[in-house]
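A.B. asks: File model-v3.txt below, compact mmCIF, C-alpha atoms:
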```
# COMPACT_ATOMS: atom_id res chain seq x y z
CA MET A 84 21.28 -11.39 2.40
CA HIS A 85 21.24 -9.04 -0.53
CA TYR A 86 18.49 -8.45 -3.10
CA THR A 87 18.42 -6.13 -6.13
CA PHE A 88 15.39 -5.03 -8.16
CA LYS A 89 14.94 -2.75 -11.16
CA ILE A 90 12.53 0.18 -11.33
CA GLU A 91 10.85 1.07 -14.63
CA ARG A 92 9.58 4.56 -15.29
CA GLY A 93 5.80 4.84 -15.13
CA ASN A 94 5.20 1.08 -14.91
CA PHE A 95 2.30 1.03 -12.47
CA THR A 96 1.29 -2.46 -13.56
CA ASP A 97 4.35 -3.99 -11.93
CA ALA A 98 5.04 -1.31 -9.31
CA GLY A 99 5.11 -2.91 -5.89
CA GLN A 100 6.60 -6.22 -6.98
CA ALA A 101 9.90 -5.51 -5.23
CA SER A 102 8.15 -4.60 -1.97
CA SER A 103 5.97 -7.68 -2.31
CA SER A 104 9.03 -9.90 -2.79
CA VAL A 105 10.75 -8.37 0.26
CA LYS A 106 7.62 -8.89 2.33
CA ARG A 107 7.54 -12.60 1.42
CA THR A 108 11.22 -12.96 2.31
CA LEU A 109 10.81 -11.24 5.69
CA LYS A 110 7.84 -13.47 6.50
CA GLN A 111 9.88 -16.57 5.64
CA LEU A 112 12.69 -15.31 7.89
CA GLY A 113 10.23 -14.99 10.77
CA VAL A 114 10.70 -11.23 11.22
CA ASP A 115 8.28 -9.61 13.69
CA PRO A 116 5.05 -8.53 11.85
CA VAL A 117 5.33 -4.94 13.12
CA ASN A 118 8.80 -4.60 11.62
CA ILE A 119 7.67 -6.29 8.40
CA LYS A 120 4.90 -3.75 8.01
CA ARG A 121 7.16 -0.76 8.76
CA THR A 122 9.71 -2.03 6.25
CA VAL A 123 7.36 -2.78 3.39
CA VAL A 124 5.28 0.40 3.77
CA ALA A 125 8.46 2.51 3.61
CA LEU A 126 9.90 0.52 0.70
CA PHE A 127 6.60 0.56 -1.18
CA GLU A 128 6.29 4.34 -0.84
CA ALA A 129 9.86 4.79 -2.09
CA GLU A 130 9.28 2.35 -4.95
CA ILE A 131 6.11 4.19 -6.01
CA ASN A 132 7.89 7.56 -5.76
CA ALA A 133 10.62 6.32 -8.10
CA VAL A 134 8.15 4.81 -10.59
CA ALA A 135 6.11 8.02 -10.53
CA HIS A 136 8.85 10.65 -10.71
CA ALA A 137 12.09 9.10 -12.02
CA TYR A 138 13.29 7.74 -15.36
CA GLY A 139 14.38 4.41 -13.88
CA GLY A 140 16.46 3.06 -11.05
CA THR A 141 17.34 0.25 -8.70
CA ILE A 142 16.36 -1.03 -5.29
CA ASP A 143 18.97 -2.73 -3.10
CA VAL A 144 17.92 -4.46 0.10
CA ASP A 145 20.32 -5.88 2.70
CA ILE A 146 18.97 -7.96 5.56
CA ASP A 147 20.95 -9.17 8.55
CA GLY A 148 20.00 -10.15 12.07
CA GLU A 149 20.04 -6.59 13.32
CA LYS A 150 18.66 -4.41 10.57
CA ILE A 151 17.18 -4.01 7.11
CA VAL A 152 18.83 -1.42 4.87
CA MET A 153 16.97 -0.38 1.71
CA VAL A 154 18.52 1.87 -0.94
CA VAL A 155 16.27 3.21 -3.70
CA ALA A 156 18.45 4.98 -6.27
CA ASP A 157 16.93 6.63 -9.30
CA GLU A 158 17.94 8.63 -12.33
CA GLY A 159 15.53 11.51 -12.51
CA PRO A 160 14.76 15.16 -11.97
CA GLY A 161 15.85 15.20 -8.32
CA ILE A 162 13.97 16.91 -5.48
CA PRO A 163 14.27 20.72 -5.64
CA ASN A 164 13.28 21.31 -2.02
CA ILE A 165 13.51 18.39 0.44
CA ASP A 166 11.95 20.38 3.30
CA LEU A 167 8.83 20.95 1.18
CA ALA A 168 8.78 17.32 0.02
CA MET A 169 8.82 16.18 3.66
CA GLN A 170 5.68 18.21 4.41
CA GLU A 171 2.44 16.21 4.49
CA GLY A 172 0.24 17.10 1.53
CA TRP A 173 2.92 18.64 -0.70
CA SER A 174 3.15 16.87 -4.05
CA THR A 175 4.28 17.37 -7.65
CA ALA A 176 2.58 14.19 -8.90
CA SER A 177 1.16 14.16 -12.42
CA PRO A 178 -2.55 13.58 -13.14
CA GLN A 179 -1.66 10.02 -14.28
CA VAL A 180 -0.05 9.29 -10.90
CA ARG A 181 -3.07 10.70 -9.08
CA GLU A 182 -5.36 8.46 -11.10
CA MET A 183 -3.45 5.49 -9.70
CA GLY A 184 -4.34 6.60 -6.16
CA TYR A 185 -1.08 8.36 -5.30
CA GLY A 186 0.12 11.94 -5.16
CA ALA A 187 -1.40 12.78 -1.79
CA GLY A 188 1.92 14.17 -0.65
CA MET A 189 2.30 11.49 2.02
CA GLY A 190 5.14 9.42 0.51
CA LEU A 191 8.23 10.82 2.20
CA PRO A 192 6.43 11.59 5.50
CA ASN A 193 5.21 7.96 5.55
CA ILE A 194 8.74 6.73 4.89
CA LYS A 195 10.13 8.84 7.73
CA LYS A 196 7.43 7.62 10.12
CA ASN A 197 8.12 3.95 9.37
CA THR A 198 11.93 3.91 9.40
CA ASP A 199 14.54 4.38 12.12
CA ASP A 200 16.93 6.19 9.84
CA LEU A 201 16.29 8.05 6.58
CA LYS A 202 18.85 9.68 4.33
CA ILE A 203 18.01 11.48 1.08
CA ASP A 204 20.73 12.46 -1.39
CA THR A 205 19.42 14.37 -4.36
CA LYS A 206 20.92 16.30 -7.26
CA ILE A 207 18.77 18.32 -9.64
CA GLY A 208 18.73 16.79 -13.12
CA VAL A 209 20.68 13.73 -11.98
CA GLY A 210 18.64 11.73 -9.53
CA THR A 211 17.80 10.82 -5.96
CA THR A 212 19.03 8.13 -3.59
CA VAL A 213 16.86 7.31 -0.59
CA THR A 214 18.50 5.16 2.10
CA MET A 215 16.16 3.70 4.71
CA THR A 216 17.06 1.60 7.74
CA VAL A 217 14.78 -0.41 10.01
CA TYR A 218 16.40 -1.87 13.12
CA LEU A 219 15.06 -5.26 14.17
CA THR A 220 16.18 -5.20 17.79
CA MET B 134 -18.94 -8.60 11.56
CA LYS B 135 -18.23 -11.54 9.27
CA ILE B 136 -17.23 -10.99 5.63
CA ARG B 137 -20.32 -12.73 4.26
CA GLU B 138 -22.58 -10.55 6.44
CA ILE B 139 -21.04 -7.43 4.91
CA ALA B 140 -21.50 -8.85 1.40
CA GLN B 141 -25.15 -9.52 2.15
CA LEU B 142 -25.72 -5.98 3.51
CA VAL B 143 -24.33 -4.34 0.37
CA ASP B 144 -25.84 -6.81 -2.10
CA GLY B 145 -22.26 -7.67 -2.98
CA VAL B 146 -20.47 -10.33 -4.98
CA LEU B 147 -17.41 -12.03 -3.51
CA VAL B 148 -14.28 -12.51 -5.62
CA GLY B 149 -10.59 -13.06 -4.90
CA ALA B 150 -9.34 -15.21 -2.04
CA PRO B 151 -11.60 -17.74 -0.33
CA VAL B 152 -13.60 -16.22 2.53
CA ASP B 153 -12.13 -16.74 5.99
CA GLU B 154 -15.34 -17.60 7.85
CA PHE B 155 -13.78 -16.67 11.20
CA TYR B 156 -12.38 -13.26 10.19
CA GLU B 157 -14.04 -10.39 12.06
CA VAL B 158 -14.25 -6.93 10.49
CA GLU B 159 -14.41 -4.28 13.21
CA LYS B 160 -13.56 -1.04 11.43
CA ALA B 161 -13.81 0.62 8.01
CA PHE B 162 -11.83 3.24 6.14
CA ALA B 163 -13.10 4.83 2.91
CA SER B 164 -10.50 6.26 0.55
CA ASP B 165 -9.35 6.38 -3.05
CA LEU B 166 -5.98 7.76 -1.93
CA MET B 167 -3.62 4.86 -1.33
CA SER B 168 -0.97 6.91 0.47
CA ASP B 169 -3.62 7.77 3.06
CA VAL B 170 -4.39 4.08 3.44
CA LEU B 171 -0.72 3.40 4.18
CA ARG B 172 -0.69 5.90 7.06
CA PHE B 173 -2.79 3.89 9.45
CA ASN B 174 -2.98 0.59 11.31
CA MET B 175 -5.49 -1.39 9.27
CA ASP B 176 -5.95 -4.44 11.53
CA GLN B 177 -9.49 -5.89 11.21
CA THR B 178 -10.38 -3.06 8.83
CA VAL B 179 -12.29 -3.16 5.55
CA LEU B 180 -11.16 -0.69 2.88
CA ILE B 181 -14.10 0.91 1.07
CA THR B 182 -12.90 2.26 -2.26
CA GLY B 183 -13.77 3.02 -5.86
CA LEU B 184 -10.15 2.82 -6.98
CA CYS B 185 -9.96 -0.31 -9.10
CA ASN B 186 -6.43 -1.12 -10.26
CA ASN B 187 -3.38 -3.21 -9.36
CA GLN B 188 -2.16 -0.54 -6.97
CA THR B 189 -5.28 -0.98 -4.84
CA MET B 190 -4.24 -4.61 -4.38
CA ARG B 191 -0.57 -3.82 -3.76
CA THR B 192 -1.48 -1.18 -1.19
CA CYS B 193 -3.74 -3.62 0.65
CA GLU B 194 -0.98 -6.21 0.55
CA MET B 195 1.47 -3.81 2.21
CA ALA B 196 -1.10 -2.54 4.74
CA ASP B 197 -2.23 -6.08 5.68
CA ILE B 198 -5.82 -5.37 4.60
CA ARG B 199 -7.77 -8.62 4.15
CA VAL B 200 -11.11 -7.24 2.87
CA ILE B 201 -11.86 -4.65 0.17
CA LEU B 202 -15.36 -3.34 -0.44
CA MET B 203 -15.29 -2.06 -4.02
CA GLY B 204 -18.11 0.36 -4.76
CA ARG B 205 -19.52 2.23 -7.75
CA ASP B 206 -19.92 -1.04 -9.65
CA LYS B 207 -16.20 -1.22 -10.39
CA GLN B 208 -15.09 -4.52 -11.91
CA PRO B 209 -11.64 -5.83 -10.92
CA ASP B 210 -9.80 -7.47 -13.81
CA GLN B 211 -8.15 -10.90 -13.72
CA ASP B 212 -4.76 -9.44 -12.70
CA MET B 213 -6.35 -7.86 -9.64
CA ILE B 214 -8.20 -11.03 -8.75
CA ASP B 215 -4.97 -13.04 -9.10
CA LEU B 216 -3.18 -10.58 -6.79
CA ALA B 217 -6.06 -10.85 -4.32
CA VAL B 218 -5.82 -14.65 -4.26
CA GLU B 219 -2.04 -14.53 -3.94
CA ASN B 220 -2.26 -12.19 -0.95
CA ASP B 221 -5.31 -13.69 0.77
CA ILE B 222 -7.52 -10.67 0.11
CA VAL B 223 -11.30 -10.90 -0.37
CA ILE B 224 -12.95 -8.37 -2.69
CA ILE B 225 -16.64 -7.58 -2.23
CA LYS B 226 -18.00 -5.92 -5.39
CA SER B 227 -21.04 -3.70 -4.98
CA ARG B 228 -22.99 -1.41 -7.30
CA TYR B 229 -23.63 1.05 -4.45
CA SER B 230 -21.84 4.40 -4.09
CA ILE B 231 -19.05 4.87 -1.55
CA PHE B 232 -21.33 7.12 0.52
CA LYS B 233 -24.09 4.52 0.61
CA LEU B 234 -21.67 1.71 1.46
CA SER B 235 -20.18 3.75 4.27
CA GLY B 236 -23.64 4.54 5.64
CA ILE B 237 -24.76 0.92 5.54
CA LEU B 238 -21.68 -0.32 7.37
CA TYR B 239 -21.79 2.48 9.94
CA GLY B 240 -25.46 1.79 10.59
CA ALA B 241 -24.66 -1.89 11.09
CA GLY B 242 -22.13 -1.11 13.82
CA ILE B 243 -18.81 -1.05 11.96
CA GLN B 244 -16.61 1.57 13.59
CA PRO B 245 -14.70 4.36 11.80
CA LEU B 246 -10.93 4.02 11.85
CA TYR B 247 -10.79 7.35 13.70
```
Produce structure tokens that represent the structure in this file.
C.D. replies:
Amino acid sequence: MHYTFKIERGNFTDAGQASSSVKRTLKQLGVDPVNIKRTVVALFEAEINAVAHAYGGTIDVDIDGEKIVMVVADEGPGIPNIDLAMQEGWSTASPQVREMGYGAGMGLPNIKKNTDDLKIDTKIGVGTTVTMTVYLT
Amino acid sequence: MKIREIAQLVDGVLVGAPVDEFYEVEKAFASDLMSDVLRFNMDQTVLITGLCNNQTMRTCEMADIRVILMGRDKQPDQDMIDLAVENDIVIIKSRYSIFKLSGILYGAGIQPLY
């Protein structure tokens, strides 16, 4: 099964709708609750990151019997230093993002913790693609 | 502790999803930082917060949080209440500060998350 969602820059009113939709689908498919939670927490963090930092993008989710692969691809400033971004507490979030309850510098560390495989491709001034895999078996 | 007992202790008003009379709250976590909320296992946990926006509801949805204790007299709007109903989340509104709410719940035997 394949699902695609759009990401709008700075739209915190609708941010989380894609993750919410994926959660409903995984529940309907009878996926184990632990794997549902890991998947949606990782996807939600990536979705929020893209809304907060990028100019727009897409989310692609593929689900089969063995795994869930989520690709969050954005057009944006890119990540200058991935090692720093992976450190808990490091953040470049704007005051507006912090007012929404984010910007604690836990996004990427949370994604890493909740996925079995994480790949980040980033190019300064072009954008970032985060590929996350959760294995179901 | 039952949801209605918590509401009574904090002089709270219940909004959002219908109260599950059998749901037991065992632990509490107080935070306005939603990324911190997403770090932990929130089973049987009430979130005490003063952050009142759609992202509070989305975070609770992802973290499987069923009860929010909203302090500082914050008033959730209709969008938030709709999201709460959709995701089976009860919101207890209270005029008390986060510190006071935390103290009341701790004194009544609710355990810290860690």
A.B. asks: Find the distance between CA of Gly208 (chain A) and CA of Thr141 (chain A) and write it in Å to one decimal.
C.D. replies: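 About the pair CA of Gly208 (chain A) and CA of Thr141 (chain A): they are 17.2 Å apart.
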A.B. asks: Do me a favour and pick out the residues of chain A within 6 Å of chain B, using all atoms listed in the file, as a ChimeraX atom specification.
C.D. replies: /A:124,184-185,189
A.B. asks: What does the file look like for those residues with C-alpha atoms, as a PDB file, in the coordinates of the input?
C.D. replies:
```
ATOM      1  CA  VAL A 124       5.280   0.400   3.770  1.00  0.00           C
ATOM      2  CA  GLY A 184      -4.340   6.600  -6.160  1.00  0.00           C
ATOM      3  CA  TYR A 185      -1.080   8.360  -5.300  1.00  0.00           C
ATOM      4  CA  MET A 189       2.300  11.490   2.020  1.00  0.00           C
TER       5      MET A 189
END
```
A.B. asks: Between CA of Val105 (chain A) and CA of Phe155 (chain B), what is the spacing in Å?
C.D. replies: 28.1 Å
A.B. asks: Suppose you want the space between CA of Thr175 (chain A) and CA of Phe127 (chain A); what is it in Å?
C.D. replies: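 These atoms are spaced 18.2 Å apart.
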A.B. asks: Nearest residue to Leu202 (chain B) out of B:Ile139, B:Ile214, B:Met175, B:Leu246, using all atoms listed in the file?
C.D. replies: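 Counting all atoms listed in the file, the residue closest to Leu202 (chain B) is B:Ile139.
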A.B. asks: Env of region 114-116 of chain A: 10 Å cut, atoms = only C-alpha atoms, seq-sep filter 4 positions within chain, self excluded. Answer as a list in words.
C.D. replies: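 Within the cut-off, the hits are Lys106, Thr108, Leu109, Lys110, Lys120, Arg121, Thr122, Gly148, Leu219 and Thr220 of chain A; Asp197 of chain B.
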A.B. asks: Please write out, as JSON, where the centre of an axis-aligned box around all listed atoms of region 166-175 of chain A lies and how long its edges are, in Å to one decimal, after adding 5 Å on each side.
C.D. replies:
```
{"center_x": 6.1, "center_y": 18.6, "center_z": -1.6, "size_x": 21.7, "size_y": 14.8, "size_z": 22.1}
```
A.B. asks: Find the residues near Gln177 (chain B): any atom within 10 Å, counting only C-alpha atoms, skip ones fewer than 6 places away on the same chain, and give them as a list of chain:residue names.
C.D. replies: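 Contacts, in chain order: B:Met134, B:Tyr156, B:Glu157, B:Val158, B:Glu159, B:Lys160, B:Ala161, B:Asp197, B:Ile198, B:Arg199, B:Val200.
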A.B. asks: Pick the closest to Ala135 (chain A) from A:Gly113, A:Gly93, A:Gly172, A:Gly210: which is it, counting only C-alpha atoms?
C.D. replies: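 Nearest to Ala135 (chain A): A:Gly93.
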A.B. asks: List the neighbours of Phe162 (chain B) out to 8 Å using only C-alpha atoms; skip same-chain residues closer than 4 positions along the sequence, and give me the result as an MDAnalysis selection string.
C.D. replies: chainID B and resid 170 178:181 245:246
A.B. asks: Residues near Leu126 (chain A), anyone? I mean within 9 Å using all atoms listed in the file, not counting same-chain ones fewer than 2 positions away, as a ChimeraX atom specification.
C.D. replies: /A:99,101-102,105,121-124,128-131,142,153-155,194,215
A.B. asks: Those same residues, written as a PDB file, keeping the file's coordinate frame with C-alpha atoms?
C.D. replies:
```pdb
ATOM      1  CA  GLY A  99       5.110  -2.910  -5.890  1.00  0.00           C
ATOM      2  CA  ALA A 101       9.900  -5.510  -5.230  1.00  0.00           C
ATOM      3  CA  SER A 102       8.150  -4.600  -1.970  1.00  0.00           C
ATOM      4  CA  VAL A 105      10.750  -8.370   0.260  1.00  0.00           C
ATOM      5  CA  ARG A 121       7.160  -0.760   8.760  1.00  0.00           C
ATOM      6  CA  THR A 122       9.710  -2.030   6.250  1.00  0.00           C
ATOM      7  CA  VAL A 123       7.360  -2.780   3.390  1.00  0.00           C
ATOM      8  CA  VAL A 124       5.280   0.400   3.770  1.00  0.00           C
ATOM      9  CA  GLU A 128       6.290   4.340  -0.840  1.00  0.00           C
ATOM     10  CA  ALA A 129       9.860   4.790  -2.090  1.00  0.00           C
ATOM     11  CA  GLU A 130       9.280   2.350  -4.950  1.00  0.00           C
ATOM     12  CA  ILE A 131       6.110   4.190  -6.010  1.00  0.00           C
ATOM     13  CA  ILE A 142      16.360  -1.030  -5.290  1.00  0.00           C
ATOM     14  CA  MET A 153      16.970  -0.380   1.710  1.00  0.00           C
ATOM     15  CA  VAL A 154      18.520   1.870  -0.940  1.00  0.00           C
ATOM     16  CA  VAL A 155      16.270   3.210  -3.700  1.00  0.00           C
ATOM     17  CA  ILE A 194       8.740   6.730   4.890  1.00  0.00           C
ATOM     18  CA  MET A 215      16.160   3.700   4.710  1.00  0.00           C
TER      19      MET A 215
END
```
A.B. asks: Could you tell me, as a list in words, which residues have any atom at most 7 Å from (10.0, 5.4, 5.8), counting only C-alpha atoms?
C.D. replies: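 Answer for this query, in the requested form: Ala125, Leu191, Asn193, Ile194, Lys195, Lys196, Asn197, Thr198, Leu201 and Met215 of chain A.
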A.B. asks: Based on the selection just made, write C-alpha atoms of those residues as a tab-separated table (two decimals), in the frame of the given file.
C.D. replies:
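File again-v2.tsv, as written:
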```
chain	number	residue	atom	x	y	z
A	125	ALA	CA	8.46	2.51	3.61
A	191	LEU	CA	8.23	10.82	2.20
A	193	ASN	CA	5.21	7.96	5.55
A	194	ILE	CA	8.74	6.73	4.89
A	195	LYS	CA	10.13	8.84	7.73
A	196	LYS	CA	7.43	7.62	10.12
A	197	ASN	CA	8.12	3.95	9.37
A	198	THR	CA	11.93	3.91	9.40
A	201	LEU	CA	16.29	8.05	6.58
A	215	MET	CA	16.16	3.70	4.71
```
A.B. asks: Skipping near chain neighbours, those fewer than 2 positions away, what residues fall within 12 Å of Ala168 (chain A) using only C-alpha atoms, listed as a list in words?
C.D. replies: Asn132, Gly161, Ile162, Pro163, Asn164, Ile165, Asp166, Gln170, Glu171, Gly172, Trp173, Ser174, Thr175, Ala176, Gly186, Ala187, Gly188, Met189, Gly190, Leu191, Pro192, Asn193, Ile194, Lys195, Ile203 and Thr205 of chain A
A.B. asks: Taking into account all atoms listed in the file, which residue in the set A:Val134, A:Met84, A:Leu167, A:Val152 is nearest to Met183 (chain A)?
C.D. replies: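 Closest to Met183 (chain A) of all the choices is A:Val134.
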A.B. asks: I'd like to know which of A:Thr211, A:Ser103, A:Asn118, A:Gln111 is closest to Glu149 (chain A), using only C-alpha atoms.
C.D. replies: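 Closest to Glu149 (chain A), using only C-alpha atoms: A:Asn118.
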